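Asker: To be precise about what I am sending: the file is called final.txt and holds compact mmCIF, C-alpha atoms.
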# COMPACT_ATOMS: atom_id res chain seq x y z
CA MET A 1 2.29 -26.57 -69.42
CA ASP A 2 0.32 -29.19 -67.45
CA ALA A 3 -3.48 -29.08 -67.32
CA LEU A 4 -3.76 -27.55 -63.85
CA ALA A 5 -1.06 -24.96 -64.50
CA GLY A 6 -2.82 -23.96 -67.69
CA LEU A 7 -6.04 -23.40 -65.78
CA LEU A 8 -4.57 -21.59 -62.78
CA GLU A 9 -2.10 -19.39 -64.66
CA GLY A 10 -4.61 -16.55 -64.64
CA PRO A 11 -4.97 -15.00 -61.16
CA ARG A 12 -3.05 -11.71 -61.03
CA ALA A 13 -4.59 -9.42 -58.41
CA ARG A 14 -3.90 -5.72 -58.81
CA GLY A 15 -4.90 -3.53 -55.87
CA ALA A 16 -7.34 -6.18 -54.65
CA PHE A 17 -9.86 -5.43 -51.92
CA MET A 18 -8.73 -7.40 -48.87
CA ILE A 19 -10.08 -7.06 -45.32
CA ARG A 20 -10.49 -8.85 -42.02
CA GLY A 21 -14.18 -9.04 -41.07
CA CYS A 22 -14.90 -9.26 -37.34
CA PHE A 23 -18.43 -9.84 -36.03
CA ASP A 24 -20.54 -10.94 -33.06
CA PRO A 25 -23.93 -12.58 -33.67
CA PRO A 26 -26.40 -11.65 -34.88
CA TRP A 27 -24.70 -10.30 -37.99
CA ALA A 28 -25.31 -10.36 -41.73
CA VAL A 29 -23.75 -8.56 -44.69
CA ARG A 30 -25.30 -8.43 -48.15
CA VAL A 31 -22.69 -8.44 -50.96
CA GLU A 32 -23.76 -6.78 -54.22
CA ASP A 33 -20.37 -5.63 -55.49
CA ARG A 34 -20.53 -7.66 -58.74
CA ALA A 35 -16.88 -8.64 -58.26
CA PRO A 36 -15.72 -11.48 -60.53
CA LEU A 37 -14.21 -13.53 -57.69
CA THR A 38 -14.24 -13.31 -53.89
CA VAL A 39 -12.50 -15.60 -51.42
CA MET A 40 -13.76 -16.02 -47.85
CA LEU A 41 -11.53 -17.83 -45.35
CA MET A 42 -13.07 -18.55 -41.93
CA VAL A 43 -10.46 -17.92 -39.26
CA ARG A 44 -12.60 -18.08 -36.11
CA GLY A 45 -16.19 -18.98 -35.36
CA GLU A 46 -18.80 -19.94 -37.94
CA SER A 47 -20.76 -18.29 -40.76
CA TRP A 48 -23.08 -19.01 -43.65
CA VAL A 49 -22.73 -17.93 -47.27
CA VAL A 50 -26.22 -17.71 -48.77
CA PRO A 51 -26.49 -17.07 -52.53
CA ASP A 52 -29.70 -15.76 -54.06
CA THR A 53 -29.97 -19.02 -56.00
CA GLY A 54 -28.35 -22.36 -55.27
CA GLU A 55 -27.30 -24.08 -52.09
CA ARG A 56 -26.05 -22.22 -49.02
CA VAL A 57 -22.66 -23.07 -47.54
CA ARG A 58 -21.73 -23.30 -43.86
CA LEU A 59 -18.19 -22.29 -42.95
CA ARG A 60 -16.34 -23.31 -39.81
CA ALA A 61 -12.83 -22.34 -38.71
CA GLY A 62 -10.37 -23.30 -41.47
CA ASP A 63 -13.06 -23.63 -44.15
CA LEU A 64 -13.02 -21.56 -47.32
CA ALA A 65 -15.58 -20.42 -49.88
CA ILE A 66 -15.12 -18.84 -53.31
CA ALA A 67 -17.96 -16.86 -54.86
CA ARG A 68 -17.91 -16.18 -58.60
CA GLY A 69 -19.65 -12.96 -59.54
CA PRO A 70 -21.57 -11.06 -60.50
CA ASP A 71 -24.45 -12.64 -58.56
CA ALA A 72 -25.22 -11.30 -55.08
CA TYR A 73 -25.04 -13.28 -51.86
CA THR A 74 -25.25 -12.80 -48.08
CA CYS A 75 -22.72 -13.69 -45.39
CA ALA A 76 -24.25 -14.15 -41.95
CA ASP A 77 -24.08 -15.93 -38.60
CA ASP A 78 -27.41 -17.55 -39.51
CA PRO A 79 -29.31 -17.69 -42.83
CA ALA A 80 -32.32 -16.09 -41.12
CA THR A 81 -30.43 -13.00 -39.89
CA PRO A 82 -31.44 -9.90 -41.91
CA PRO A 83 -28.58 -7.91 -43.49
CA GLN A 84 -27.20 -5.01 -41.47
CA ALA A 85 -24.95 -3.68 -44.24
CA LEU A 86 -24.52 -3.73 -48.02
CA ILE A 87 -21.24 -4.06 -49.91
CA LEU A 88 -21.57 -2.27 -53.24
CA PRO A 89 -19.28 -1.94 -56.30
CA GLY A 90 -15.99 -0.21 -55.60
CA GLY A 91 -15.97 -1.31 -51.96
CA GLU A 92 -18.67 1.18 -51.01
CA CYS A 93 -20.64 0.28 -47.87
CA ALA A 94 -24.21 1.24 -47.03
CA TYR A 95 -27.08 0.41 -44.72
CA PRO A 96 -29.79 -1.83 -46.20
CA ASP A 97 -31.93 1.26 -46.90
CA GLY A 98 -29.13 2.74 -49.03
CA ARG A 99 -27.77 5.29 -46.56
CA PRO A 100 -23.94 5.36 -46.57
CA LEU A 101 -22.22 3.76 -43.59
CA ASN A 102 -19.66 6.58 -43.56
CA GLY A 103 -17.02 4.44 -41.88
CA SER A 104 -19.15 3.47 -38.88
CA MET A 105 -17.96 -0.15 -39.13
CA ASP A 106 -14.29 0.63 -39.78
CA LEU A 107 -12.13 -0.92 -37.07
CA GLY A 108 -8.65 0.04 -38.23
CA VAL A 109 -6.34 -0.92 -41.08
CA ARG A 110 -8.25 -3.34 -43.37
CA THR A 111 -10.48 -4.38 -40.47
CA TRP A 112 -14.25 -4.03 -40.61
CA GLY A 113 -17.29 -5.08 -38.61
CA GLY A 114 -18.47 -4.88 -35.02
CA ARG A 115 -15.33 -5.22 -32.89
CA PRO A 116 -11.75 -6.39 -33.62
CA ASP A 117 -11.94 -9.41 -31.30
CA GLY A 118 -15.39 -10.55 -32.47
CA GLY A 119 -16.44 -14.15 -32.17
CA SER A 120 -16.47 -14.62 -35.94
CA VAL A 121 -13.45 -13.58 -38.02
CA LEU A 122 -13.15 -13.94 -41.80
CA LEU A 123 -10.41 -13.01 -44.20
CA ILE A 124 -12.01 -11.69 -47.39
CA GLY A 125 -10.16 -11.09 -50.64
CA THR A 126 -11.86 -9.71 -53.75
CA TYR A 127 -10.60 -9.42 -57.32
CA LEU A 128 -11.96 -6.15 -58.63
CA ALA A 129 -11.77 -6.79 -62.39
CA ARG A 130 -12.46 -9.84 -64.52
CA GLY A 131 -9.21 -9.31 -66.41
CA GLU A 132 -7.28 -10.17 -63.26
CA ILE A 133 -8.50 -13.76 -63.54
CA GLY A 134 -8.32 -15.82 -66.69
CA GLY A 135 -11.71 -16.15 -68.36
CA ARG A 136 -11.18 -19.89 -68.70
CA LEU A 137 -10.78 -20.15 -64.94
CA LEU A 138 -13.95 -18.19 -64.17
CA ASP A 139 -15.93 -20.21 -66.68
CA ALA A 140 -14.72 -23.43 -65.07
CA LEU A 141 -16.00 -22.54 -61.59
CA PRO A 142 -19.47 -22.94 -60.07
CA PRO A 143 -21.13 -19.79 -58.66
CA LEU A 144 -20.17 -20.86 -55.13
CA LEU A 145 -17.67 -23.51 -54.06
CA SER A 146 -16.37 -24.46 -50.66
CA LEU A 147 -13.60 -26.48 -49.05
CA THR A 148 -13.60 -27.75 -45.49
CA ALA A 149 -10.50 -27.65 -43.31
CA GLU A 150 -10.26 -31.41 -43.79
CA GLU A 151 -10.22 -31.08 -47.58
CA TRP A 152 -7.29 -28.72 -47.76
CA ASP A 153 -4.37 -27.63 -45.62
CA CYS A 154 -3.67 -23.90 -45.88
CA PRO A 155 -0.36 -22.67 -44.40
CA LEU A 156 -1.18 -19.12 -45.58
CA THR A 157 -3.74 -18.29 -42.88
CA PRO A 158 -1.32 -17.05 -40.21
CA VAL A 159 0.67 -15.12 -42.82
CA LEU A 160 -2.47 -13.44 -44.13
CA MET A 161 -3.67 -12.61 -40.61
CA SER A 162 -0.32 -11.01 -39.90
CA GLU A 163 -0.09 -9.06 -43.16
CA VAL A 164 -3.66 -7.85 -43.69
CA THR A 165 -3.58 -5.26 -40.90
CA ARG A 166 -0.11 -3.90 -41.62
CA ASP A 167 0.23 -0.43 -43.06
CA GLU A 168 3.66 -0.39 -44.67
CA PRO A 169 5.07 0.66 -48.06
CA GLY A 170 4.27 -1.90 -50.74
CA GLN A 171 1.69 -3.65 -48.58
CA GLU A 172 -0.93 -3.80 -51.33
CA VAL A 173 1.46 -5.72 -53.57
CA VAL A 174 2.23 -8.19 -50.77
CA LEU A 175 -1.48 -8.80 -50.19
CA ASP A 176 -2.17 -9.15 -53.92
CA ARG A 177 0.41 -11.90 -54.22
CA LEU A 178 -0.82 -13.65 -51.07
CA LEU A 179 -4.36 -13.56 -52.44
CA ASP A 180 -3.18 -15.14 -55.70
CA LEU A 181 -1.44 -17.90 -53.75
CA LEU A 182 -4.53 -18.49 -51.63
CA VAL A 183 -6.76 -18.80 -54.68
CA ILE A 184 -4.37 -21.13 -56.49
CA ALA A 185 -3.92 -23.36 -53.42
CA ALA A 186 -7.69 -23.55 -52.91
CA LEU A 187 -8.52 -24.28 -56.53
CA ARG A 188 -5.80 -26.89 -56.78
CA ALA A 189 -7.51 -28.70 -53.90
CA TRP A 190 -10.93 -28.13 -55.45
CA PHE A 191 -10.07 -29.53 -58.87
CA ALA A 192 -8.43 -32.55 -57.23
CA GLY A 193 -11.66 -33.36 -55.38
CA PRO A 194 -14.72 -35.32 -56.49
CA ARG A 195 -17.11 -32.34 -56.62
CA ALA A 196 -15.27 -30.35 -59.29
CA GLU A 197 -16.82 -30.25 -62.75
CA ALA A 198 -13.90 -29.34 -64.97
CA PRO A 199 -14.65 -27.98 -68.47
CA ALA A 200 -14.40 -30.27 -71.48
CA TRP A 201 -11.11 -28.76 -72.71
CA TYR A 202 -9.59 -29.29 -69.26
CA ARG A 203 -10.55 -32.97 -69.22
CA ALA A 204 -9.35 -33.32 -72.80
CA LEU A 205 -5.84 -32.25 -71.75
CA GLY A 206 -5.45 -35.75 -70.32
CA ASP A 207 -5.93 -37.33 -73.74
CA PRO A 208 -2.57 -38.25 -75.36
CA VAL A 209 -3.56 -36.85 -78.76
CA VAL A 210 -5.93 -33.97 -78.04
CA GLY A 211 -3.99 -32.95 -74.95
CA ARG A 212 -0.87 -32.53 -77.05
CA ALA A 213 -2.74 -30.37 -79.57
CA LEU A 214 -4.32 -28.24 -76.82
CA ARG A 215 -0.99 -27.58 -75.15
CA LEU A 216 0.50 -26.51 -78.48
CA LEU A 217 -2.33 -24.04 -79.04
CA GLN A 218 -2.22 -22.70 -75.48
CA ASP A 219 1.55 -22.34 -75.31
CA ASP A 220 2.01 -20.68 -78.71
CA PRO A 221 -1.24 -19.03 -79.87
CA ALA A 222 0.64 -16.67 -82.21
CA HIS A 223 1.89 -19.56 -84.36
CA PRO A 224 0.07 -19.91 -87.72
CA TRP A 225 -1.52 -23.21 -86.78
CA THR A 226 -3.57 -25.35 -89.14
CA VAL A 227 -5.33 -28.62 -88.41
CA ALA A 228 -2.74 -30.34 -90.58
CA SER A 229 0.23 -28.89 -88.69
CA LEU A 230 -1.36 -29.75 -85.33
CA ALA A 231 -2.07 -33.29 -86.51
CA ALA A 232 1.55 -33.70 -87.61
CA LYS A 233 2.76 -32.61 -84.16
CA ALA A 234 0.28 -34.93 -82.46
CA GLY A 235 1.26 -37.86 -84.65
CA VAL A 236 -2.16 -38.55 -86.19
CA SER A 237 -3.97 -37.78 -89.42
CA ARG A 238 -5.75 -34.48 -89.97
CA THR A 239 -9.13 -36.20 -90.05
CA ALA A 240 -8.45 -38.20 -86.90
CA LEU A 241 -7.39 -35.13 -84.95
CA ALA A 242 -10.35 -33.04 -86.10
CA ARG A 243 -12.82 -35.78 -85.16
CA ARG A 244 -11.23 -36.58 -81.80
CA PHE A 245 -10.66 -32.94 -80.84
CA THR A 246 -14.26 -31.97 -81.59
CA ALA A 247 -15.63 -34.97 -79.69
CA LEU A 248 -13.61 -34.26 -76.53
CA VAL A 249 -13.45 -30.45 -76.49
CA GLY A 250 -16.85 -29.72 -78.00
CA GLU A 251 -15.60 -27.57 -80.89
CA PRO A 252 -13.13 -27.95 -83.79
CA PRO A 253 -9.43 -27.09 -83.27
CA MET A 254 -9.50 -23.81 -85.18
CA ALA A 255 -12.65 -22.63 -83.39
CA TYR A 256 -10.97 -23.33 -80.06
CA LEU A 257 -7.86 -21.46 -81.20
CA THR A 258 -9.93 -18.43 -82.20
CA GLY A 259 -11.65 -18.36 -78.82
CA TRP A 260 -8.33 -18.74 -77.01
CA ARG A 261 -6.68 -15.96 -79.01
CA LEU A 262 -9.58 -13.57 -78.43
CA ALA A 263 -9.72 -14.38 -74.71
CA LEU A 264 -6.02 -13.56 -74.44
CA ALA A 265 -6.60 -10.35 -76.38
CA ALA A 266 -9.45 -9.39 -74.03
CA ASP A 267 -7.24 -9.92 -70.97
CA ARG A 268 -4.49 -7.80 -72.54
CA LEU A 269 -6.95 -5.05 -73.40
CA ARG A 270 -8.09 -4.97 -69.78
CA GLY A 271 -4.72 -5.33 -68.14
CA THR A 272 -2.16 -3.57 -70.35
CA ASP A 273 -1.64 -0.37 -72.32
CA ASP A 274 -0.31 -2.28 -75.34
CA THR A 275 -1.43 -1.02 -78.73
CA LEU A 276 -3.97 -3.05 -80.66
CA GLY A 277 -1.28 -3.88 -83.22
CA ALA A 278 1.02 -5.25 -80.53
CA ILE A 279 -1.78 -7.32 -79.02
CA ALA A 280 -2.70 -8.65 -82.45
CA ARG A 281 0.84 -9.91 -82.99
CA GLN A 282 0.96 -11.44 -79.50
CA VAL A 283 -2.16 -13.52 -80.03
CA GLY A 284 -1.69 -14.55 -83.64
CA TYR A 285 -3.40 -11.95 -85.84
CA GLY A 286 -1.44 -10.35 -88.66
CA THR A 287 -2.96 -6.89 -88.29
CA ALA A 288 -4.92 -4.79 -85.83
CA PHE A 289 -7.77 -4.73 -88.37
CA ALA A 290 -7.94 -8.54 -88.48
CA LEU A 291 -8.05 -8.75 -84.69
CA SER A 292 -10.64 -5.97 -84.47
CA THR A 293 -12.92 -7.70 -86.97
CA ALA A 294 -12.75 -11.06 -85.16
CA PHE A 295 -13.07 -9.45 -81.75
CA LYS A 296 -16.19 -7.48 -82.64
CA ARG A 297 -17.80 -10.54 -84.17
CA VAL A 298 -17.42 -12.50 -80.90
CA TYR A 299 -17.65 -9.79 -78.21
CA GLY A 300 -20.08 -7.49 -79.96
CA VAL A 301 -17.93 -4.35 -79.50
CA SER A 302 -14.65 -3.12 -80.92
CA PRO A 303 -11.45 -3.70 -78.93
CA GLN A 304 -11.28 0.02 -78.14
CA GLU A 305 -14.85 0.06 -76.82
CA PHE A 306 -14.08 -3.07 -74.78
CA ARG A 307 -10.98 -1.45 -73.26
CA THR A 308 -12.86 1.75 -72.46
CA ARG A 309 -15.68 -0.12 -70.72
CA ALA A 310 -13.22 -2.24 -68.75
CA ALA A 311 -11.40 0.88 -67.57
As structure tokens - that is how I would like this structure written.
Answerer:
Amino acid sequence: MDALAGLLEGPRARGAFMIRGCFDPPWAVRVEDRAPLTVMLMVRGESWVVPDTGERVRLRAGDLAIARGPDAYTCADDPATPPQALILPGGECAYPDGRPLNGSMDLGVRTWGGRPDGGSVLLIGTYLARGEIGGRLLDALPPLLSLTAEEWDCPLTPVLMSEVTRDEPGQEVVLDRLLDLLVIAALRAWFAGPRAEAPAWYRALGDPVVGRALRLLQDDPAHPWTVASLAAKAGVSRTALARRFTALVGEPPMAYLTGWRLALAADRLRGTDDTLGAIARQVGYGTAFALSTAFKRVYGVSPQEFRTRAA
């Protein structure tokens, strides 16, 4: 698995919230849905994405922004325009004073805003649960990133525009997969650019020794790895691997493996009905008890409590 594939393997939308937003100025929408990841693709006109902290981003036709939750932000024609609507968890919509919108801005199938042929049109796709995106990917992203039309070439825009307003059997699955493709295409362009700040483990994948060890751990976390067995595979001494791995990744090999195994377990707890014993075997723990003990030490709750909260 190459470095980029390892990072982008995660996105797997399931019943994602996807709409076409259509507006005429002045307009502003406050987003407080706490979603882990939202993609905004500007199709027509211009808009601003204004986070509560950090720099605002201006979007023109063809530009894209990705907001990493749970922090709130505002989308508007101008940063000074006061919000006219709130987006809350679960896709609920309300006026700024908290009164429900009761569908007053619904414009048809997956279309929302002022009028369908508004001067500003955005495609908005939201992952509803953190488990749908790999934790390593979320941790690698800034709270708000953007790409201009010149920085990336997206052939998916006309396909998304065509599909988002269809109401046919299986349409949610089609849109989920298109959203995954959009995110992967955008992040591939982002990580290839000069503004990306990739995590230490991602940069370390380019090292001939540590990269080999990381790929072994990522590809086969259930294997009973030791520093000695990793070093033998990487062609160096145990001491050399431990020193080099810690220097480049920021933690020793076995600490990284524990974190990787538990992150995989967390994603499986969120996204599958597998038993704890089955998950333990998949990620390299001999028993459900061993996984539960390690999981609670790191996440602060038992696997069952974690699964219940995620549900």
Asker: If I wrap all listed atoms of segment 161-171 of chain A in a box with edges along x, y and z and add 5 Å on each side, what are its centre and edge lengths in Å to one decimal, as lines of an AutoDock Vina configuration file?
Answerer:
center_x = 0.7
center_y = -6.0
center_z = -45.3
size_x = 18.7
size_y = 23.3
size_z = 20.8
Asker: If I take atom CA of Ile66 of chain A and atom CA of Ile184 of chain A, how far is one from the other in Å, to one decimal?
Answerer: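 About the pair atom CA of Ile66 of chain A and atom CA of Ile184 of chain A: they are 11.4 Å apart.
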Asker: Can you work out which one of A:Arg68, A:Arg99, A:Arg115, A:Arg110 has the shortest atom-to-atom distance to Leu137 of chain A, counting only C-alpha atoms?
Answerer: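 Between A:Arg68, A:Arg99, A:Arg115, A:Arg110, the residue approaching Leu137 of chain A most closely is A:Arg68.
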Asker: To one decimal place, how far is atom CA of Pro79 of chain A from atom CA of Ser104 of chain A in Å?
Answerer: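 If I compute the distance from atom CA of Pro79 of chain A to atom CA of Ser104 of chain A, I get 23.8 Å.
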Asker: Using all atoms listed in the file, which of the listed residues (A:Asp220, A:Asp176, A:Glu151, A:Glu305) sits closest to Arg14 of chain A?
Answerer: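 Comparing A:Asp220, A:Asp176, A:Glu151, A:Glu305 against Arg14 of chain A, the winner is A:Asp176.
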Asker: From the list A:Glu172, A:Asp63, A:Asp106, A:Glu163, which residue is nearest Gly15 of chain A when using only C-alpha atoms?
Answerer: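 Distance minimum relative to Gly15 of chain A lands on A:Glu172.
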Asker: Please measure the separation of atom CA of Leu147 of chain A and atom CA of Ala189 of chain A, giving the value in Å to one decimal.
Answerer: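 Interatomic distance, atom CA of Leu147 of chain A to atom CA of Ala189 of chain A: 8.1 Å.
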Asker: Would you mind listing what lies within 10 Å of Cys154 of chain A as an MDAnalysis selection string, with all atoms listed in the file counted and same-chain residues fewer than 6 positions away left out?
Answerer: chainID A and resid 41 62:64 182 185:186
Asker: Can you pull out every residue within 6 Å of segment 202-219 of chain A, counting all atoms listed in the file, but drop anything in the same chain fewer than 2 positions away, and send it as a list in words?
Answerer: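 The contact residues come out as Ala3, Pro199, Ala200, Pro221, Leu230, Ala234, Phe245 and Leu248 of chain A.
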Asker: Using all atoms listed in the file, which protein or nucleic acid residues come within 6 Å of Gly284 of chain A? Drop anything in the same chain fewer than 2 positions from it, and give the result as a PyMOL selection string.
Answerer: chain A and resi 221-222+281-282
Asker: Please provide the set of residues having any atom within 8 Å of Asp24 of chain A, restricted to all atoms listed in the file, with same-chain residues fewer than 6 positions apart removed, written as a list in words.
Answerer: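 Contacts, in chain order: Gly114, Arg115, Gly118, Gly119 and Ser120 of chain A.
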Asker: Given the point (-19.2, -8.1, -34.8) in the file's coordinates, find the residues that have an atom at most 10 Å from it, counting only C-alpha atoms, and give them as an MDAnalysis selection string.
Answerer: chainID A and resid 21:28 77 105 112:121
Asker: When distances are computed from only C-alpha atoms, which of A:Leu264, A:Val236, A:Val57, A:Ala196 shows the smallest separation from Met40 of chain A?
Answerer: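 Nearest to Met40 of chain A: A:Val57.
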Asker: Let me make sure I understand: among A:Leu145, A:Arg195, A:Gly90, A:Pro96, which one has the smallest atom-to-atom distance to Leu59 of chain A if we use only C-alpha atoms?
Answerer: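 The closest residue to Leu59 of chain A is A:Leu145.
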Asker: Pick the closest to Val43 of chain A from A:Thr157, A:Ser146, A:Thr81, A:Asn102: which is it, counting all atoms listed in the file?
Answerer: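 Smallest distance to Val43 of chain A is found for A:Thr157.
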Asker: Within 10 Å of (-12.5, -25.3, -85.3) in the file's own coordinates, which protein, DNA or RNA residues have an atom, counting only C-alpha atoms? List them as a VMD selection string.
Answerer: chain A and resid 226 to 227 242 245 to 246 250 to 259
